[in-house]
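Q: A single structure is presented below for examination.
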Amino acid sequence: MNWKDCVRKVTPYTPGEQPKKDGIIKLNTNENPYPPSPKVLSEDVEMKDLRKYPDPTIGDLVRSLSEYHGVKAEQIFVGVGSDDVLGMAFLTFFNSELPIAFPDISYSFYPVWAELFRIPVETVPLDEDFRIRIADYEGEKGGIVFPNPNAPTARLLPLSDVEALLKAHPECIVIVDEAYIDFAPEGSSALSLLDSFPNLLVVRTFSKSRSMAGMRIGYAIGSPELIGAMQAVKYSYNSYTLNRPSIIWGTRSVEDEAYFRETIGKITATRERFTKAAEEYHFHVIPSSANFVFASHENVPAKVIFETAREAGIYFRYFDQPRISDYLRITIGTDEEMDKVLELFRKMGL
């Protein structure tokens with residue numbers, strides 16, 4: 001046997017482009033346009049402490065999140081961004097011969113993890129309006145995972161539908177990926193269902209609403225049994241996941257609720273203003289509960305707008321794939337950045 005025959009071959013996830021040019025408007029990776037909390041920026045990290053391993057239990061941040069969400073510390077798992085947390089959840093929970101189910105238009109890392117961990121998959125089509133239909137998830141599953149709000153569509157699945165899905169599938173773990181939930185209406189989170197459904201795992205991130213994508217902090221909340229299983233897998237793979245600065249700064253971020261709410265308010269207000277203006281330029285914008293919009297133009301192909309904007313130093317996300325090749329995902333930036341996007345639309349004669 002040749003060693004090349006023993007190499008695991010997978011189709012990797014393709015992240016959004018990370019341009020290095022100066023003066024661009026980067027609206028293609030759903031980053032927050034505002035800096036983290038001033039409490040984060042003012043907190044120094046003792047350089048002498050960096051020679052030591054970080055706390056493998058991530059205790060300070062876990063306790064802070066426990067108080068913030070009103071759950072027990074043993075209900076929280078923290079990892080290196082929500083991607084790490086989701087990957088660990090796939091590895092921990094999706095081990096039956098039954099397929100796991102997720103939407104056909106969804107976070108494109110899900111099929112990558114499934115292929116990497118050799119998990120059978122059932123992709124469930126969204127309806128013609130890009131909505132998740134609970135009735136389409138009938139039958140026994142090896143697991144269910146979906147973003148809420150969905151990405152890249154930005155649509156929110158009502159909490160009543162999430163509850164109905166959980167009631168219909170007590171046999172498997174249901175992961176609700178809430179990367180963008182802080183931009184949705186209050187009361188939309190599945191966290192309120194945790195006490196009723198021990199098979200529910202809710203995943204969150206600091207990358208979007210807390211402006212800390214560069215620090216890579218994500219976490220999951222679930223029953224102590226689920227979190228304990230994930231911790232066992234983590235300690236069998238990599239004990240020291242989160243670095244010391246991330247633990248310190250992440251804890252400080254959670255403590256600044258006023259700044260957190262202020263930033264979310266700015267982004268949601270800009271999102272609504274931009275949506276209304278884009279519609280005047282003949283865009284169809286799907287109702288968004290995230291920090292981005294998903295839009296198509298009634299006359300001009302999305303790829304043409306994407307390429308024209310890129311030449312002008314404005315970066316959107318374009319997915320050249322079935323059903324959504326006429327759509328652009330546009331991150332909500334500052335008011336000034338979104339005004340420049342609208343100026344581009346005007347110059348293009350849209």
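Labeling convention for the structure tokens: chains A, B, ... as they appear, residues from 1 per chain, ligands from 1 in order of appearance.
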Report as a ChimeraX atom specification all protein, DNA and RNA residues lying within 12 Å of A:Ala277, evaluated on only C-alpha atoms, omitting residues in the same chain fewer than 3 positions from it.

A: /A:270-274,280-285,338-339,341-343,345-346,350

Q: Write down as number ranges by chain the residues of stretch 187-295 of chain A whose backbone DSSP state falls under helix (DSSP H, G or I).

A: A: 190-193, 213-215, 224-235, 244-255, 257-280

Q: Per residue of stretch 183-226 of chain A within 8 Å of stretch 154-165 of chain A, record the nearest atom pair and its distance in Å to one decimal, counting only C-alpha atoms, with rows in chain order and ascending residue number, as JSON lines.

A:
```
{"residue": "A:Ala184", "atom": "CA", "partner": "A:Leu156", "partner_atom": "CA", "distance": 7.6}
{"residue": "A:Ser188", "atom": "CA", "partner": "A:Leu159", "partner_atom": "CA", "distance": 5.8}
{"residue": "A:Ser189", "atom": "CA", "partner": "A:Leu159", "partner_atom": "CA", "distance": 7.0}
{"residue": "A:Ala190", "atom": "CA", "partner": "A:Leu159", "partner_atom": "CA", "distance": 6.6}
{"residue": "A:Leu193", "atom": "CA", "partner": "A:Glu163", "partner_atom": "CA", "distance": 7.2}
```

Q: Since we have the selection now, will you write its residues out, keeping N, CA, C and O atoms, as a PDB file, in the first residue's frame?

A:
```
ATOM      1  N   ALA A 184     -31.487  39.406  16.359  1.00  0.00           N
ATOM      2  CA  ALA A 184     -32.881  39.034  16.146  1.00  0.00           C
ATOM      3  C   ALA A 184     -33.748  39.659  17.237  1.00  0.00           C
ATOM      4  O   ALA A 184     -33.240  40.133  18.267  1.00  0.00           O
ATOM      5  N   SER A 188     -36.175  35.362  20.829  1.00  0.00           N
ATOM      6  CA  SER A 188     -36.037  34.437  19.702  1.00  0.00           C
ATOM      7  C   SER A 188     -35.135  33.242  20.007  1.00  0.00           C
ATOM      8  O   SER A 188     -35.156  32.248  19.287  1.00  0.00           O
ATOM      9  N   SER A 189     -34.323  33.347  21.053  1.00  0.00           N
ATOM     10  CA  SER A 189     -33.322  32.317  21.323  1.00  0.00           C
ATOM     11  C   SER A 189     -33.943  31.026  21.847  1.00  0.00           C
ATOM     12  O   SER A 189     -34.913  31.029  22.618  1.00  0.00           O
ATOM     13  N   ALA A 190     -33.319  29.917  21.469  1.00  0.00           N
ATOM     14  CA  ALA A 190     -33.745  28.603  21.954  1.00  0.00           C
ATOM     15  C   ALA A 190     -33.277  28.334  23.382  1.00  0.00           C
ATOM     16  O   ALA A 190     -33.626  27.286  23.949  1.00  0.00           O
ATOM     17  N   LEU A 193     -35.662  27.054  25.964  1.00  0.00           N
ATOM     18  CA  LEU A 193     -36.185  25.693  25.847  1.00  0.00           C
ATOM     19  C   LEU A 193     -35.290  24.651  26.510  1.00  0.00           C
ATOM     20  O   LEU A 193     -35.624  23.462  26.535  1.00  0.00           O
TER      21      LEU A 193
END
```

Q: Taking only C-alpha atoms into account, which of A:His69, A:Gly333, A:Asn150, A:Pro56 comes nearest A:Leu194?

A: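 Nearest candidate to A:Leu194 out of A:His69, A:Gly333, A:Asn150, A:Pro56: A:His69.
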
Q: Please, what distance in Å, to one decimal, runs between atom CA of A:Lys39 and atom CA of A:Phe206?

A: 14.8 Å

Q: Of the candidates A:Leu27, A:Met348, A:Leu98, A:Val71, which shows the shortest atom-to-atom distance to A:Pro224, using only C-alpha atoms?

A: A:Val71

Q: Taking 2 positions as the minimum chain separation for residues in the same chain, which residues sit within 8 Å of stretch 4-12 of chain A when counting only C-alpha atoms? Answer as a short mmCIF file (atom, residue, chain, number, x, y, z; two decimals) with all heavy atoms, in the first residue's frame.

A:
```cif
data_model
loop_
_atom_site.label_atom_id
_atom_site.label_comp_id
_atom_site.auth_asym_id
_atom_site.auth_seq_id
_atom_site.Cartn_x
_atom_site.Cartn_y
_atom_site.Cartn_z
N MET A 1 0.85 -1.21 0.00
CA MET A 1 0.00 0.00 0.00
C MET A 1 0.88 1.26 0.00
O MET A 1 1.86 1.34 0.73
CB MET A 1 -0.92 0.01 1.22
CG MET A 1 -1.79 1.26 1.34
SD MET A 1 -2.84 1.26 2.81
CE MET A 1 -3.97 -0.06 2.40
N ASN A 2 0.49 2.23 -0.81
CA ASN A 2 1.21 3.51 -0.86
C ASN A 2 0.66 4.44 0.23
O ASN A 2 -0.55 4.46 0.49
CB ASN A 2 1.02 4.13 -2.24
CG ASN A 2 1.90 5.35 -2.44
OD1 ASN A 2 1.71 6.37 -1.80
ND2 ASN A 2 2.86 5.24 -3.35
N THR A 14 -14.52 26.78 2.47
CA THR A 14 -13.91 27.95 1.82
C THR A 14 -14.33 29.21 2.56
O THR A 14 -15.50 29.62 2.48
CB THR A 14 -14.33 28.06 0.35
OG1 THR A 14 -13.98 26.86 -0.34
CG2 THR A 14 -13.65 29.24 -0.32
N VAL A 112 -18.79 19.86 5.50
CA VAL A 112 -17.35 19.61 5.62
C VAL A 112 -17.07 18.76 6.85
O VAL A 112 -16.34 17.76 6.79
CB VAL A 112 -16.57 20.93 5.68
CG1 VAL A 112 -15.09 20.66 5.94
CG2 VAL A 112 -16.73 21.71 4.37
N GLU A 115 -18.27 15.21 6.28
CA GLU A 115 -17.35 14.44 5.45
C GLU A 115 -16.10 14.07 6.24
O GLU A 115 -15.62 12.93 6.17
CB GLU A 115 -16.99 15.22 4.19
CG GLU A 115 -16.08 14.44 3.24
CD GLU A 115 -15.66 15.24 2.03
OE1 GLU A 115 -15.95 16.46 1.97
OE2 GLU A 115 -15.03 14.66 1.14
N LEU A 116 -15.56 15.02 6.99
CA LEU A 116 -14.35 14.78 7.75
C LEU A 116 -14.53 13.66 8.77
O LEU A 116 -13.67 12.79 8.93
CB LEU A 116 -13.92 16.07 8.47
CG LEU A 116 -12.66 16.00 9.33
CD1 LEU A 116 -11.44 15.69 8.48
CD2 LEU A 116 -12.48 17.31 10.10
#
```

Q: Based on DSSP run over this structure's backbone, return all residues of stretch 78-202 of chain A in strand (DSSP E), as JSON, numbers by chain.

A: {"A": [78, 79, 100, 101, 102, 103, 121, 122, 123, 124, 143, 144, 145, 146, 147, 174, 175, 176, 177, 200, 201, 202]}

Q: Quick one: residues within 9 Å of A:Gly143, only C-alpha atoms counted, chain neighbours fewer than 6 positions away excluded, as a ChimeraX atom specification?

A: /A:93-94,96,98-102,169,171-175
